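Colleague: Once you've had a glance at the structure underneath, I'll fire off some questions.
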Amino acid sequence: MDLNGKVAVVTGASRGIGEAVAVAFAREGAQLLLVARTEEDLERVAALCREAGSPRVLPVAADLGTSEGLDHVVMSAVRAFDGFDVLVNNAGVGRAKPIADVDDDEYDRHMAVNLRAPYLLTQAAVKVLRRRGGGQVVQIASGLAYAGRAEWSLYAAAKFGLRGFTECVRQEVAREGIKVGMVAPGYTETHFFDGWGPPEAFRDPIKPEDVAYAVLAMVRQGPRSDIKEITVRNRGAP
């Protein structure tokens, strides 16, 4: 897909991978609807995107862990742009914690943001993209969508679920010109790991821009291909 003039929705766009994806899309001439919880951070990224060449940028502050937040995003895209051509589900929350210490509120929050939100936004995207004759959904997953790690059961459960959901929807809508794929980064140098320090195995982390490059490659693929998954790892990592 040529992104010039197309409309892209990017969630979790206020920093890290989401910011890098938004700026990469802006350089391609895409119009952008940027979603995150913090309005001030969104405005900063919106300014970067305008400088990078996006003809129109709309920041939308919303909590994707709530039904109201999800509805606000979809309605904003429809009202401002009459829909969209690309959806990047990047917003996520997560932290390592022993299974015995996870409480109900933490479980509900992780599943709401990491699985329910991309599920419902993808559901809305399918309806929108059918009207527009096709488009692309990209789910940002994780290496933990493929293999577990001690004390990451909550986050991995959501990402394993996201991977399975993505594959089912991909098969369901592919013949309608709607592509649904997943980009799964390994350890990435972002705020997500602030305070934890890099694990011993990941002392050469990838950058958000590396992940954005993979997302851009998936979106820019030709009409005959259907890229299912892209994994992005630091050099030498399994």
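Identifiers in this document derive from the order of the structure tokens: chains are assigned A, B, ..., residues are numbered from 1 separately in each chain, and ligands are numbered from 1 in order of occurrence.
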May I have all residues of range 152-224 of chain A that DSSP, computed from the backbone, assigns to helix (DSSP H, G or I), given as a PyMOL selection string?

Modeller: chain A and resi 153-176+191-193+208-219

Colleague: From range 5-236 of chain A, collect each residue whose DSSP state is strand (DSSP E or B) and return the set as a VMD selection string.

Modeller: chain A and resid 7 to 11 31 to 36 57 to 61 86 to 89 135 to 140 178 to 185 188 206 229 to 232

Colleague: Have a look at A:Ala22, A:Val126, A:Ile230, A:Val169 and name the one nearest to Val74 in chain A; count only C-alpha atoms.

Modeller: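 Looking only at the distances to Val74 in chain A, the closest residue turns out to be A:Val126.
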
Colleague: Enter the distance from CA of Thr166 in chain A to CA of Ile227 in chain A, in Å, rounded to one decimal.

Modeller: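 Value for the CA of Thr166 in chain A-CA of Ile227 in chain A distance: 12.0 Å.
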
Colleague: I'd like the neighbourhood of range 40-43 of chain A as an mmCIF file with C-alpha atoms, in the first residue's frame, where a residue qualifies if any of its atoms comes within 7 Å (using only C-alpha atoms), though same-chain residues fewer than 5 positions away should be ignored.

Modeller:
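The resulting file, out-v7.cif, is shown below:
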```
data_model
loop_
_atom_site.group_PDB
_atom_site.id
_atom_site.type_symbol
_atom_site.label_atom_id
_atom_site.label_comp_id
_atom_site.auth_asym_id
_atom_site.auth_seq_id
_atom_site.Cartn_x
_atom_site.Cartn_y
_atom_site.Cartn_z
ATOM 1 C CA ALA A 13 1.428 6.615 19.932
ATOM 2 C CA SER A 14 2.786 8.942 22.608
ATOM 3 C CA PRO A 59 -4.337 13.450 18.502
#
```

Colleague: Please list as number ranges by chain every residue within 7 Å of Gly135 in chain A, counting only C-alpha atoms and excluding residues in the same chain fewer than 5 positions away.

Modeller: A: 85-86, 129, 177-179

Colleague: CA of Arg44 in chain A to CA of Asp204 in chain A: how many Å, to one decimal?

Modeller: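 So the answer is 27.9 Å.
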
Colleague: Neighbours of Met218 in chain A within 10 Å (only C-alpha atoms; same-chain residues fewer than 4 positions away dropped), as a list in words?

Modeller: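 The contact residues come out as Met1, Gln136, Val137, Val138, Lys179, Val180, Gly181, Met182, Val183, Ala212, Tyr213, Ala214, Gly222, Ser225, Asp226, Ile227, Lys228, Glu229 and Ile230 of chain A.
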
Colleague: So how far away is CA of Ala91 in chain A from CA of Ser142 in chain A, in Å?

Modeller: 12.1 Å

Colleague: Given the choices A:Gly65, A:Pro98, A:Pro208, A:Gly16, which gets closest to Trp152 in chain A if the distance is worked out from only C-alpha atoms?

Modeller: A:Pro98

Colleague: Of the candidates A:Lys127, A:Arg50, A:His110, A:His72, which one gets nearest to Ala30 in chain A if we count only C-alpha atoms?

Modeller: A:Arg50

Colleague: With a distance cut-off of 6 Å and only C-alpha atoms, select the neighbouring residues of Ala184 in chain A, excluding the residue or stretch itself and same-chain residues fewer than 5 positions from it, and output the selection as a ChimeraX atom specification.

Modeller: /A:140-143,231

Colleague: Within 12 Å of Ala156 in chain A, counting only C-alpha atoms, which residues show up once you throw out same-chain ones fewer than 2 positions away? Write them as a ChimeraX atom specification, please.

Modeller: /A:92-97,99,107,110-111,114-115,141-154,158-163
